[in-house]
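Asks: Following this line is protein_21.tsv, made up of TSV, C-alpha atoms:
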chain	number	residue	atom	x	y	z
A	1	MET	CA	0.00	0.00	0.00
A	2	LEU	CA	1.13	3.52	-0.72
A	3	THR	CA	0.28	6.03	2.00
A	4	ILE	CA	0.69	9.60	0.83
A	5	SER	CA	-0.52	12.99	1.99
A	6	ARG	CA	-3.10	14.86	-0.05
A	7	ALA	CA	-0.61	17.70	-0.53
A	8	LEU	CA	1.92	15.39	-2.20
A	9	TYR	CA	-0.79	13.58	-4.18
A	10	GLU	CA	-1.95	16.90	-5.59
A	11	LYS	CA	1.60	18.09	-6.37
A	12	ILE	CA	2.21	14.96	-8.46
A	13	ILE	CA	-1.05	15.39	-10.37
A	14	GLU	CA	-0.43	19.07	-10.86
A	15	HIS	CA	3.02	18.34	-12.31
A	16	ALA	CA	1.55	15.80	-14.73
A	17	ARG	CA	-1.12	18.27	-15.85
A	18	ARG	CA	1.39	21.09	-16.27
A	19	ASP	CA	3.72	19.05	-18.51
A	20	HIS	CA	0.94	17.42	-20.57
A	21	PRO	CA	1.25	16.40	-23.40
A	22	ASP	CA	4.85	15.53	-22.47
A	23	GLU	CA	5.38	12.88	-19.80
A	24	ALA	CA	6.18	14.35	-16.38
A	25	CYS	CA	8.44	12.56	-13.92
A	26	GLY	CA	9.88	12.88	-10.45
A	27	VAL	CA	10.58	11.48	-7.02
A	28	VAL	CA	9.20	11.77	-3.53
A	29	ALA	CA	12.00	11.17	-1.03
A	30	GLY	CA	11.53	9.88	2.50
A	31	PRO	CA	13.70	8.60	5.35
A	32	VAL	CA	15.48	5.33	4.48
A	33	GLY	CA	13.35	2.34	5.44
A	34	SER	CA	10.36	4.45	6.54
A	35	ASP	CA	8.20	3.86	3.46
A	36	ARG	CA	6.95	7.39	4.05
A	37	PRO	CA	6.99	9.86	1.15
A	38	VAL	CA	7.89	13.31	2.48
A	39	ARG	CA	9.91	15.50	0.09
A	40	PHE	CA	8.59	16.20	-3.41
A	41	ILE	CA	11.21	16.53	-6.16
A	42	ALA	CA	9.96	17.23	-9.69
A	43	MET	CA	12.58	16.08	-12.20
A	44	GLN	CA	13.21	17.20	-15.75
A	45	ASN	CA	12.18	14.74	-18.43
A	46	ALA	CA	15.38	14.73	-20.48
A	47	GLU	CA	13.47	13.14	-23.37
A	48	ARG	CA	10.78	15.85	-23.34
A	49	SER	CA	8.50	13.42	-25.10
A	50	PRO	CA	4.83	12.49	-25.03
A	51	THR	CA	5.74	8.81	-24.97
A	52	PHE	CA	9.03	8.46	-23.11
A	53	TYR	CA	10.71	9.82	-20.00
A	54	ARG	CA	14.23	9.70	-18.63
A	55	PHE	CA	15.77	11.50	-15.65
A	56	ASP	CA	18.58	13.79	-16.77
A	57	SER	CA	21.71	11.95	-15.60
A	58	ALA	CA	23.42	14.97	-14.01
A	59	GLU	CA	20.24	15.97	-12.18
A	60	GLN	CA	19.78	12.40	-11.00
A	61	LEU	CA	23.28	12.34	-9.51
A	62	LYS	CA	22.62	15.59	-7.66
A	63	VAL	CA	19.28	14.38	-6.28
A	64	TRP	CA	20.56	10.93	-5.34
A	65	ARG	CA	23.53	12.46	-3.53
A	66	GLU	CA	21.25	14.84	-1.60
A	67	MET	CA	19.04	11.92	-0.60
A	68	ASP	CA	22.10	10.00	0.55
A	69	ASP	CA	23.33	13.00	2.58
A	70	ASN	CA	19.87	13.28	4.17
A	71	ASP	CA	19.56	9.52	4.87
A	72	GLU	CA	16.65	9.47	2.44
A	73	GLU	CA	15.70	7.18	-0.40
A	74	ALA	CA	13.30	7.42	-3.34
A	75	VAL	CA	10.03	6.23	-1.75
A	76	VAL	CA	7.96	7.20	-4.79
A	77	ILE	CA	9.10	7.39	-8.40
A	78	TYR	CA	6.32	8.88	-10.49
A	79	HIS	CA	5.70	9.59	-14.13
A	80	SER	CA	2.73	10.28	-16.34
A	81	HIS	CA	1.22	8.70	-19.41
A	82	THR	CA	-0.46	11.29	-21.57
A	83	ALA	CA	-2.51	9.14	-23.94
A	84	THR	CA	-2.57	5.70	-22.36
A	85	GLU	CA	-3.72	4.23	-19.07
A	86	ALA	CA	-1.97	4.67	-15.74
A	87	TYR	CA	-0.44	1.21	-15.89
A	88	PRO	CA	3.27	0.32	-16.25
A	89	SER	CA	4.27	-0.32	-19.85
A	90	ARG	CA	6.81	-2.89	-21.00
A	91	THR	CA	9.55	-0.25	-20.93
A	92	ASP	CA	8.47	0.98	-17.47
A	93	ILE	CA	8.82	-2.56	-16.18
A	94	SER	CA	12.15	-3.29	-17.85
A	95	TYR	CA	13.74	-0.10	-16.53
A	96	ALA	CA	12.44	-0.31	-12.94
A	97	GLN	CA	15.58	-0.73	-10.84
A	98	GLU	CA	14.78	0.82	-7.45
A	99	PRO	CA	13.41	-2.09	-5.43
A	100	GLN	CA	12.15	-0.02	-2.48
A	101	ALA	CA	10.18	2.43	-4.64
A	102	HIS	CA	6.46	2.74	-5.15
A	103	TYR	CA	6.07	3.37	-8.87
A	104	VAL	CA	3.26	5.86	-9.29
A	105	LEU	CA	1.61	6.33	-12.64
A	106	VAL	CA	-0.62	9.26	-13.48
A	107	SER	CA	-2.60	9.34	-16.69
A	108	THR	CA	-3.64	12.66	-18.20
A	109	ARG	CA	-5.38	11.06	-21.19
A	110	ASN	CA	-8.79	12.30	-20.00
A	111	GLU	CA	-7.91	15.88	-19.11
A	112	PRO	CA	-8.97	17.49	-16.78
A	113	GLU	CA	-9.40	14.24	-14.82
A	114	ALA	CA	-6.23	12.45	-13.76
A	115	GLU	CA	-5.87	8.80	-12.87
A	116	PHE	CA	-3.36	8.07	-10.07
A	117	ARG	CA	-2.30	4.47	-9.42
A	118	SER	CA	0.64	2.88	-7.63
A	119	TYR	CA	2.65	-0.30	-8.19
A	120	ARG	CA	5.55	-2.32	-6.87
A	121	ILE	CA	7.81	-3.59	-9.65
A	122	LEU	CA	10.23	-6.27	-8.49
A	123	ASP	CA	12.20	-8.59	-10.80
A	124	GLY	CA	9.96	-7.70	-13.70
A	125	VAL	CA	6.74	-8.45	-11.81
A	126	VAL	CA	4.15	-5.68	-11.44
A	127	THR	CA	1.83	-5.67	-8.44
A	128	GLU	CA	-0.74	-2.91	-8.15
A	129	GLU	CA	-1.28	-1.63	-4.65
A	130	PRO	CA	-3.96	0.46	-2.99
A	131	VAL	CA	-3.31	4.18	-2.48
A	132	GLN	CA	-4.29	5.75	0.81
A	133	VAL	CA	-4.40	9.54	0.65
A	134	THR	CA	-4.19	11.09	4.09
A	135	ASP	CA	-5.18	14.54	5.26
A	136	GLY	CA	-2.07	16.46	6.04
A	137	THR	CA	0.24	18.91	4.50
A	138	GLU	CA	3.55	17.04	4.72
B	139	MET	CA	45.74	2.43	-5.59
B	140	ALA	CA	42.21	2.87	-4.30
B	141	ILE	CA	39.23	4.10	-6.23
B	142	GLU	CA	35.94	4.18	-4.37
B	143	VAL	CA	32.99	2.77	-6.29
B	144	ARG	CA	29.52	3.55	-4.93
B	145	ILE	CA	27.03	0.78	-5.61
B	146	PRO	CA	23.24	1.25	-5.99
B	147	THR	CA	20.80	-0.83	-3.94
B	148	ILE	CA	19.93	-3.13	-6.81
B	149	LEU	CA	23.56	-4.23	-7.29
B	150	ARG	CA	24.46	-4.74	-3.62
B	151	SER	CA	23.73	-8.44	-3.87
B	152	TYR	CA	27.07	-8.62	-5.72
B	153	THR	CA	28.95	-6.82	-2.94
B	154	GLY	CA	27.55	-8.60	0.10
B	155	GLY	CA	25.33	-5.61	0.80
B	156	ALA	CA	28.11	-3.02	0.70
B	157	LYS	CA	27.18	0.46	-0.52
B	158	SER	CA	30.73	1.16	-1.51
B	159	VAL	CA	33.68	-0.99	-2.60
B	160	GLU	CA	37.25	-0.23	-3.62
B	161	GLY	CA	39.06	-1.18	-6.75
B	162	SER	CA	42.00	-0.30	-8.93
B	163	GLY	CA	42.74	0.33	-12.57
B	164	THR	CA	43.89	3.06	-14.93
B	165	THR	CA	40.67	3.12	-16.95
B	166	LEU	CA	37.04	2.49	-16.05
B	167	ASP	CA	37.24	-0.72	-18.10
B	168	GLU	CA	40.15	-2.01	-15.98
B	169	LEU	CA	38.45	-0.90	-12.78
B	170	LEU	CA	35.27	-2.83	-13.60
B	171	SER	CA	37.25	-5.97	-14.41
B	172	ASN	CA	39.17	-5.55	-11.17
B	173	LEU	CA	35.90	-5.26	-9.21
B	174	ASP	CA	34.48	-8.27	-10.98
B	175	ALA	CA	37.33	-10.42	-9.65
B	176	ALA	CA	36.13	-9.73	-6.10
B	177	HIS	CA	32.42	-9.36	-6.91
B	178	GLY	CA	31.66	-11.85	-9.66
B	179	GLY	CA	28.89	-10.86	-12.04
B	180	LEU	CA	29.03	-7.15	-11.26
B	181	ARG	CA	30.78	-6.16	-14.50
B	182	GLU	CA	28.20	-7.85	-16.66
B	183	ARG	CA	25.44	-5.77	-15.07
B	184	LEU	CA	27.26	-2.65	-16.26
B	185	VAL	CA	28.90	-3.70	-19.51
B	186	ASP	CA	27.36	-5.31	-22.56
B	187	GLY	CA	30.12	-6.64	-24.78
B	188	GLU	CA	32.44	-3.67	-25.26
B	189	LYS	CA	30.16	-0.87	-24.12
B	190	LEU	CA	28.54	0.41	-20.97
B	191	ARG	CA	24.89	-0.60	-20.78
B	192	ARG	CA	22.50	2.06	-21.91
B	193	PHE	CA	20.33	2.41	-18.87
B	194	VAL	CA	23.01	2.45	-16.23
B	195	ASN	CA	24.60	5.80	-15.39
B	196	VAL	CA	28.26	5.71	-14.38
B	197	TYR	CA	29.85	8.88	-13.06
B	198	LEU	CA	33.50	9.73	-12.48
B	199	ASN	CA	33.40	12.19	-9.59
B	200	ASP	CA	30.68	14.60	-10.81
B	201	GLU	CA	30.51	13.72	-14.49
B	202	ASP	CA	28.64	11.13	-16.49
B	203	VAL	CA	31.35	9.03	-18.21
B	204	ARG	CA	29.32	9.12	-21.44
B	205	PHE	CA	30.72	12.64	-21.80
B	206	LEU	CA	34.26	11.60	-20.89
B	207	GLY	CA	35.54	8.44	-22.53
B	208	GLY	CA	32.99	5.76	-21.69
B	209	LEU	CA	34.82	2.60	-20.71
B	210	GLU	CA	38.14	4.18	-21.74
B	211	THR	CA	37.75	7.02	-19.24
B	212	PRO	CA	40.99	7.29	-17.26
B	213	VAL	CA	40.62	6.84	-13.51
B	214	ARG	CA	43.12	7.29	-10.69
B	215	ASP	CA	43.67	6.96	-6.98
B	216	GLY	CA	41.31	9.16	-5.00
B	217	ASP	CA	38.59	9.23	-7.67
B	218	THR	CA	35.05	8.23	-6.83
B	219	VAL	CA	32.99	6.30	-9.35
B	220	THR	CA	29.22	6.28	-8.74
B	221	VAL	CA	26.83	3.83	-10.39
B	222	LEU	CA	23.12	4.67	-10.59
B	223	PRO	CA	20.49	2.76	-12.55
B	224	ALA	CA	18.90	5.21	-14.99
B	225	VAL	CA	15.29	6.06	-14.26
B	226	ALA	CA	13.28	5.90	-17.45
B	227	GLY	CA	10.23	4.45	-19.09
B	228	GLY	CA	7.37	5.39	-21.34
B	229	ALA	CA	3.96	4.77	-22.67
B	230	ARG	CA	4.93	1.58	-24.46
Now that the file is in, can you turn its structure into structure tokens?

Replies:
Amino acid sequence: MLTISRALYEKIIEHARRDHPDEACGVVAGPVGSDRPVRFIAMQNAERSPTFYRFDSAEQLKVWREMDDNDEEAVVIYHSHTATEAYPSRTDISYAQEPQAHYVLVSTRNEPEAEFRSYRILDGVVTEEPVQVTDGTE
Amino acid sequence: MAIEVRIPTILRSYTGGAKSVEGSGTTLDELLSNLDAAHGGLRERLVDGEKLRRFVNVYLNDEDVRFLGGLETPVRDGDTVTVLPAVAGGAR
């Protein structure tokens, strides 16, 4: 299960809407081992594409180093699909290499509505999980 | 000669759980072979034939080695090499 505050939930959706029709992407960091998303980090989509995303490698190094300095890890890795459903594609699955992360997918195919779903992806296996949005501003 | 190599979570099964290991070499290529001697299988996760795998980012200090010399990038004592799996995906 992904437990996430309404404030973070809305930031992710708002990012996806803002970048539509390009895919949006980013991270929510939290304390290592806590499974608690706390710190929202929108990332550039270096592909700037409506069908593909990739974290810019220099930006990723900077963010990953900051997380390491803060004893944080990527609790959520999110990206959007702009014309297809909020479900991991074949490429999403093959590139998922952060075993602790909740992979969040937002679909903006039915603007202004947004679909928000979360998955674990481990060894190529996708498992959808429920999303619990909590009141709170963290 | 000691070059620190920082290992991402997904590759720590090759290093007995260690976040960071040390190796030696004068190029990244040599360094990865040197590491593979102590941590068998690690090189193959990073190198496909004669090239670094596409969706793994390898950095020498602060720079992505794609912009330096790839596997031929010179390395030396005191350098830090960081490995991060690229984060990517798409609609298909």

Asks: Using all atoms listed in the file, determine which residues of chain A fall within 6 Å of chain B; present them as a list in words.

Replies: Thr51, Phe52, Tyr53, Arg54, Phe55, His81, Ser89, Arg90, Thr91 and Asp92 of chain A

Asks: Please work out which residues fall within 8 Å of (16.5, 10.5, -5.0), coordinates as given in the file, with only C-alpha atoms counting, and return them as a ChimeraX atom specification.

Replies: /A:27-29,60,63-68,72-74

Asks: Show which residues sit within 12 Å of Arg120 (chain A), as a ChimeraX atom specification. Count only C-alpha atoms, and ignore same-chain residues fewer than 3 positions away.

Replies: /A:1-2,75-78,87-88,92-93,96-105,117,123-131

Asks: Write out as a CSV table (one decimal) with C-alpha atoms, keeping the file's coordinate frame the residues lying within 10 Å of Asp174 (chain B), counting all atoms listed in the file and excluding same-chain residues fewer than 5 positions away.

Replies:
chain,number,residue,atom,x,y,z
B,152,TYR,CA,27.1,-8.6,-5.7
B,153,THR,CA,29.0,-6.8,-2.9
B,161,GLY,CA,39.1,-1.2,-6.8
B,168,GLU,CA,40.2,-2.0,-16.0
B,169,LEU,CA,38.4,-0.9,-12.8
B,179,GLY,CA,28.9,-10.9,-12.0
B,180,LEU,CA,29.0,-7.2,-11.3
B,181,ARG,CA,30.8,-6.2,-14.5
B,182,GLU,CA,28.2,-7.8,-16.7

Asks: Could you tell me how far CA of Val106 (chain A) sits from CA of Met43 (chain A), in Å to one decimal place?

Replies: 14.9 Å

Asks: At what distance in Å, to one decimal, does CA of Arg192 (chain B) lie from CA of Asn45 (chain A)?

Replies: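 Separation of CA of Asn45 (chain A) and CA of Arg192 (chain B): 16.7 Å.
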
Asks: Rounded to one decimal in Å, what is the spacing between CA of Leu209 (chain B) and CA of Ser94 (chain A)?

Replies: 23.6 Å

Asks: Hey, can you pull every residue with an atom no more than 10 Å from (44.0, -1.1, -12.4), using only C-alpha atoms, and send it as an MDAnalysis selection string?

Replies: chainID B and resid 139:141 161:173 213:215

Asks: Closest to Arg48 (chain A) among A:Lys62, A:Leu122, A:Arg109, A:Asp19, using all atoms listed in the file?

Replies: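 Closest candidate: A:Asp19.
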